[in-house]
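These notes concern the structure reproduced below.
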Amino acid sequence: MIEQYVVGLREVDQTQVAVVGGKGAHLGAMSRIDGIRVPAGFCVTTEAFRRILAEAPSIDDRLDQLSHLDPDDQEALRTLSAQIRRAIEAVVLPDDVAGAITRALTQLGDRAAYAVRSSATAEDLPTASFAGQQDTYLNVIGLTAILQHVSRCWASLFTERAVTYRQRNGIDHRTVHMAVVVQKMAFPQAAGVLFTADPVTSNRKVASVEASFGLGEALVSGLVNADAYRVRDGVIIDRAIATKRLAVHARPAGGTTKQAIEPERQEQPALTDAQVVRLVELGRRIEAHFGQPQDIEWCLVDDDFQIVQSRPITTLFPVPEAGDGENHVYVSVGHQQMMTDAMKPLGLSMWQLTALAPMHAAGGRLFVDVTRALASPSSRAGLLRLLGRSDPLIRDALESVIDRGDFVPSLPDQGPTGSPAGNAPAPVETDPAIVTDLIERSQASIAALRHDIATTSGPARFDFLLAAFQEHKRLLADPRSMQVITAGMEASWWLNEQLQAWLGEKNVADTLTLSAPHNVTSEMGLALLDVADVIRPHPEVVAFLREVEDEGFLDELPGLPGGQEARDAIRAYLDRYGMRCVGEIDITRPRWSERPTTLVPVILDHVRHFGPGARKRRFEQGRQQAEQKEREVLERLRALPDGERKAEETKRMIDRVRTFIGYREYPKYAIVSRYLVYKRALLEEAERLVRANVLAEREDVFYLTFQELHDVVRTNTVDDQLIHRRKDAFRSYRTLTPPRVLTSEGEGIAGAYRRDDAPPGALVGLPVSGGIVEGRARVVLDLASAALEPGDILVTAYTDPSWSPLFVAIQGLVTEVGGLMTHGAVIAREYGLPALVGVEHATTLIRDGQRIRVHATDGYVEILP
């Protein structure tokens with residue numbers, strides 16, 4: 001077989017990334033688009049690169065060494081990558097490779113100047129751009145110089161930055177190959193970049209243009225400030241003309257040089273308005289061809305635009321597909337559920353199938369379309385009031401969309417039934433038996449599910465599950481359950497509002513709800529203290545647990561003194577709470593019962609920091625504080641005008657909140673309890689598919705939707721490429737930050753706190769559990785790596801119920817995500833922890849170990865010197 005070492009640009013398209021790399025494939029595809037000019041050229045294929053690697057056997061050994069290096073060991077990475085580059089550049093080009101390049105150059109003109117560009121197979125892809133990872137050389141003249149720079153491009157696959165990027169992203173160095181694009185050099189009057197979506201707001205309708213004189217290298221390398229334009233629907237909506245003192249130009253003998261721009265030209269625009277609009281039109285044509293927003297490098301030569309590169313913009317958050325051409329406003333589900341990480345397809349589809357509201361997937365996250373609720377005055381007011389209590393930033397973001405006036409359609413007022421939550425639940429009597437009955441009915445339903453699903457298998461199991469999902473939703477929507485949750489929240493709000501008005505004291509309900517009954521999440525956190533009590537007297541068990549790495553450690557415990565009791569205590573805890581985990585709304589996440597090592601560091605911290613009986617003491621202390629606060633409040637109220645009435649109303653609300661507020665946590669517990677049953681049933685089907693050689697591994701089912709998995713079980717066939725694409729997409733989604741509010745134009749809106757009463761430099765957030773606390777900040781991004789000491793203030797992105805065991809050891813909480821009634825806030829109040837949520841970028845603005853003061857009543861954090 002004759003290897004093809006060179007191929008013309010016009011002979012390739014985006015399907016040939018494996019042959020010509022991402023850049024070459026995109027350039028080839030663009031050269032075929034009507035009206036798009038791409039400088040003529042050819043690609044030196046990845047076959048040539050593989051041939052070069054084969055000529056240097058030492059590279060193979062070094063690649064083995066490279067794959068085992070820690071990505072943070074920069075010195076070793078630097079040394080080894082430099083050795084590989086030198087080895088590649090030292091290879092003498094085989095005659096057939098050099099001959100193929102020479103013939104291609106002769107056809108184009110071997111006396112012309114060329115741009116020689118690296119084009120890796122893991123570059124300019126829809127899910128990862130790898131921008132700037134390899135090298136480009138401009139104005140290369142002569143055959144010898146071009147061959148030399150082709151070798152340099154091959155070697156640039158192993159620059160330190162490229163190697164580090166792949167190491168950190170888990171990309172095997174052997175799977176990435178390098179092609180090289182050789183194009184005739186363009187000598188432009190102006191050059192720059194065009195983003196077909198606004199890189200700041202992510203709005204897909206707004207294009208952004210940056211332009212400077214000379215070659216684009218001046219702009220890309222940061223030598224000059226560029227002219228900047230924003231264009232929407234063919235109209236320039238914003239422009240800023242920069243003072244441009246330098247330009248990069250080609251030298252006659254090859255290479256480039258910086259030149260000063262004449263003073264009289266420095267403040268002239270590099271493009272006319274008409275040229276800007278025409279450039280954006282070309283960009284829209286390229287975007288339409290590739291089917292997603294593009295980051296485009298362009299040159300202006302004799303009033304004609306030439307495109308020298310186009311890559312997908314991979315930093316944009318995807319937009320839910322509506323398909324109707326109408327405007328839509330979406331609210332993030334993850335910010336309500338305290339789980340903003342990307343979810344795998346099975347997790348997304350399972351939540352969609354079991355949720356009460358329709359949900360739309362985008363970027364591995366879920367969103368609710370609130371456009372219709374915003375359209376009429378009464379439903380809008382109800383939605384903003386509800387979301388404002390939960391997360392003021394979401395409310396502010398929605399209000400900013402409404403204030404635009406023309407984005408959200410206006411519908412006639414529907415009255416109260418237009419409310420997104422429907423009619424308010426009917427009032428419920430303050431009776432603890434109601435809560436007990438709801439919990440018992442839920443437990444019975446879960447037990448029946450566990451029993452009945454065991455009798456099913458294959459396609460029939462999926463039919464059973466679809467029926468189980470309807471029961472799941474019926475329980476969630478139980479009017480009695482909704483009444484109890486609403487009653488608890490409204491009583492809490494009433495107490496805070498009325499007692500602040502009557503007594504001038506903020507957030508009184510935080511103390512009045514301490515150690516409230518039936519709070520399954522706070523009970524879960526405290527129950528781990530009992531586990532620590534069992535383990536603490538047995539030093540050999542403690543020592544064993546310190547070294548645990550394998551998930552089968554529970555089976556080894558009985559061989560140690562006290563080990564049987566320790567195993568029984570941990571297993572009893574897992575029997576009750578083992579369905580929980582970080583990010584538990586994603587059914588694909590490993591549960592504590594599947595990965596019990598997750599709990600070991602927390603148990604050991606409890607053994608070290610607490611004495612016997614800590615759970616009972618903590619709970620009783622909270623109960624007594626609540627009772628004392630109740631007596632104090634009622635006494636102060638009776639001393640006021642009309643005090644007996646006020647005290648009587650307040651007492652009724654205190655009884656109501658203590659009866660109902662704990663149940664707020666139970667529905668989520670019931671959901672994840674059912675999820676563990678669903679998951680085990682689905683994994684049994686996955687294991688059968690692996691045994692039948694339909695799937696390579698059990699966890700591949702996580703990259704299929706529920707319906708797709710149903711089809712695989714029914715047909716015993718699977719699309720392996722679909723699973724591969726889904727895995728790539730999930731990896732890219734994990735790098736994205738979901739917005740609180742997202743529009744159908746792609747604009748992510750964060751919202752803002754509209755207040756000016758915080759001290760300069762303070763970080764503002766939403767107070768959810770009052771108090772002031774000062775201490776050491778512990779910035780924790782992974783529960784399993786938490787190393788908290790008593791008195792620390794936990795700073796993290798979000799906390800779902802699985803973080804509750806950590807709350808017993810800290811004295812304060814700061815999160816980036818959350819609201820008044822999200823789980824972290826509820827448990828912080830239950831434990832009496834001053835807590836502030838919705839503090840934007842807290843985990844990056846606060847350094848681990850810094851001393852901070854949390855003003856959780858007034859809603860801000862001070863970073864102390």
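Letters A, B, ... mark the chains of the structure tokens in the order given; residue numbers begin at 1 per chain; ligand numbers begin at 1, in order shown.
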
(message) Using DSSP assignments from the backbone, pull out every residue in stretch 578-785 of chain A that falls under helix (DSSP H, G or I) and give it to me as an NGL selection string.
(response) :A and (596-609 or 614-638 or 643-691 or 698-703 or 706-715 or 720-734 or 783-785)

(message) Please list as a PyMOL selection string every residue within 12 Å of A:Ile846, counting only C-alpha atoms and excluding residues in the same chain fewer than 3 positions away.
(response) chain A and resi 761-763+776-780+793-797+814-816+839-843+849-854+861-864

Take the residues from that selection and write them out as a short mmCIF file (atom, residue, chain, number, x, y, z; two decimals), in the first residue's frame, keeping C-alpha atoms.
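Final file, selection07.cif:
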```cif
data_model
loop_
_atom_site.label_atom_id
_atom_site.label_comp_id
_atom_site.auth_asym_id
_atom_site.auth_seq_id
_atom_site.Cartn_x
_atom_site.Cartn_y
_atom_site.Cartn_z
CA GLY A 761 -13.98 44.20 49.52
CA ALA A 762 -16.58 42.02 51.24
CA LEU A 763 -18.12 39.09 49.36
CA ARG A 776 -10.08 29.47 59.31
CA ALA A 777 -11.56 28.95 55.84
CA ARG A 778 -11.29 25.43 54.52
CA VAL A 779 -11.94 25.46 50.78
CA VAL A 780 -13.21 21.95 49.97
CA ILE A 793 -15.53 27.48 58.24
CA LEU A 794 -16.40 25.28 55.27
CA VAL A 795 -16.17 27.07 51.90
CA THR A 796 -17.38 25.05 48.91
CA ALA A 797 -19.29 25.25 45.64
CA VAL A 814 -20.09 29.57 52.77
CA THR A 815 -21.26 28.20 49.41
CA GLU A 816 -21.39 29.52 45.86
CA VAL A 839 -21.46 33.83 47.23
CA GLU A 840 -20.23 34.06 43.65
CA HIS A 841 -16.74 32.58 43.07
CA ALA A 842 -16.21 31.99 46.81
CA THR A 843 -13.93 28.99 46.23
CA GLY A 849 -6.42 28.56 55.26
CA GLN A 850 -7.31 32.27 55.20
CA ARG A 851 -9.08 33.72 58.20
CA ILE A 852 -12.52 35.01 57.35
CA ARG A 853 -15.45 36.53 59.22
CA VAL A 854 -18.90 35.41 58.11
CA VAL A 861 -17.99 37.61 54.19
CA GLU A 862 -14.92 39.60 55.18
CA ILE A 863 -11.47 38.24 54.30
CA LEU A 864 -9.26 39.14 57.26
#
```

(message) At a cut-off of 8 Å, using only C-alpha atoms, what residues contact stretch 300-316 of chain A? Leave out same-chain residues fewer than 4 positions from it and give the result as a ChimeraX atom specification.
(response) /A:23,26-27,36-39,124-129,186-191,195,199,202,279,292-296,736,746

Name the residues in contact with A:Pro392 at a cut-off of 9 Å, using only C-alpha atoms, excluding same-chain residues fewer than 6 positions from it; report them as an mmCIF file with N, CA, C and O atoms, in the first residue's frame.
```cif
data_model
loop_
_atom_site.group_PDB
_atom_site.id
_atom_site.type_symbol
_atom_site.label_atom_id
_atom_site.label_comp_id
_atom_site.auth_asym_id
_atom_site.auth_seq_id
_atom_site.Cartn_x
_atom_site.Cartn_y
_atom_site.Cartn_z
ATOM 1 N N GLY A 751 -27.197 37.304 37.329
ATOM 2 C CA GLY A 751 -27.900 38.063 38.355
ATOM 3 C C GLY A 751 -26.909 38.744 39.280
ATOM 4 O O GLY A 751 -25.709 38.454 39.282
ATOM 5 N N ALA A 752 -27.414 39.692 40.074
ATOM 6 C CA ALA A 752 -26.548 40.446 40.986
ATOM 7 C C ALA A 752 -27.322 40.785 42.254
ATOM 8 O O ALA A 752 -28.552 40.853 42.251
ATOM 9 N N TYR A 753 -26.573 40.982 43.338
ATOM 10 C CA TYR A 753 -27.172 41.468 44.579
ATOM 11 C C TYR A 753 -27.245 42.992 44.501
ATOM 12 O O TYR A 753 -26.223 43.657 44.326
ATOM 13 N N LEU A 766 -26.322 35.368 50.196
ATOM 14 C CA LEU A 766 -27.667 35.280 50.756
ATOM 15 C C LEU A 766 -27.576 34.673 52.153
ATOM 16 O O LEU A 766 -27.137 33.534 52.310
ATOM 17 N N GLY A 819 -29.982 28.477 48.285
ATOM 18 C CA GLY A 819 -31.078 29.381 48.557
ATOM 19 C C GLY A 819 -31.593 29.152 49.959
ATOM 20 O O GLY A 819 -31.081 28.306 50.708
ATOM 21 N N GLY A 838 -24.832 31.344 47.889
ATOM 22 C CA GLY A 838 -24.890 32.209 46.713
ATOM 23 C C GLY A 838 -23.775 33.236 46.671
ATOM 24 O O GLY A 838 -23.941 34.315 46.094
#
```

(message) So that I can see what lies close to A:Ala509, please list as a list in words the residues with an atom at most 8 Å from it, counting only C-alpha atoms and leaving out residues fewer than 4 positions away in the same chain.
(response)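 Residues meeting the cut-off are Ser492, Trp493, Leu495, Asn496 and Thr513 of chain A.
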
(request) Would you mind listing what lies within 7 Å of A:Ser212 as a PyMOL selection string, with only C-alpha atoms counted and same-chain residues fewer than 4 positions away left out? (result) chain A and resi 190-192+219+226-227+270

Restricting the output to N, CA and C atoms, write the selected residues as a PDB file, in the first residue's frame.
```pdb
ATOM      1  N   ALA A 190      -5.156  44.325   7.221  1.00  0.00           N
ATOM      2  CA  ALA A 190      -5.707  44.178   8.567  1.00  0.00           C
ATOM      3  C   ALA A 190      -6.018  42.703   8.792  1.00  0.00           C
ATOM      4  N   ALA A 191      -6.065  42.328  10.048  1.00  0.00           N
ATOM      5  CA  ALA A 191      -6.371  40.947  10.396  1.00  0.00           C
ATOM      6  C   ALA A 191      -6.951  40.933  11.796  1.00  0.00           C
ATOM      7  N   GLY A 192      -7.518  39.779  12.153  1.00  0.00           N
ATOM      8  CA  GLY A 192      -8.075  39.689  13.498  1.00  0.00           C
ATOM      9  C   GLY A 192      -8.886  38.433  13.682  1.00  0.00           C
ATOM     10  N   LEU A 219      -2.353  40.883  17.379  1.00  0.00           N
ATOM     11  CA  LEU A 219      -3.535  40.771  18.237  1.00  0.00           C
ATOM     12  C   LEU A 219      -3.463  39.515  19.093  1.00  0.00           C
ATOM     13  N   ALA A 226      -7.001  45.889  20.190  1.00  0.00           N
ATOM     14  CA  ALA A 226      -7.670  45.805  18.893  1.00  0.00           C
ATOM     15  C   ALA A 226      -8.936  46.646  18.882  1.00  0.00           C
ATOM     16  N   ASP A 227      -9.349  47.055  17.688  1.00  0.00           N
ATOM     17  CA  ASP A 227     -10.691  47.599  17.519  1.00  0.00           C
ATOM     18  C   ASP A 227     -11.681  46.487  17.843  1.00  0.00           C
ATOM     19  N   ALA A 270      -9.322  49.859  11.728  1.00  0.00           N
ATOM     20  CA  ALA A 270      -8.677  48.925  10.802  1.00  0.00           C
ATOM     21  C   ALA A 270      -9.656  48.456   9.727  1.00  0.00           C
TER      22      ALA A 270
END
```

(message) For the structure I just gave you, how does DSSP split stretch 242-328 of chain A - specifically, which residues are strand (DSSP E)? Reply as a ChimeraX atom specification.
(response) /A:246-250,256-260,294-301,304-312

(message) Under the rule that only C-alpha atoms are counted, which of A:Lys344, A:Lys727, A:Arg245, A:Arg239 is the nearest residue to A:Leu223?
(response)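 Counting only C-alpha atoms, the residue closest to A:Leu223 is A:Arg245.
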
(message) Just want the 9 Å neighbourhood of A:Thr243, counted on only C-alpha atoms, with same-chain residues fewer than 5 positions away dropped. Output as a ChimeraX atom specification.
(response) /A:224-227,265-268
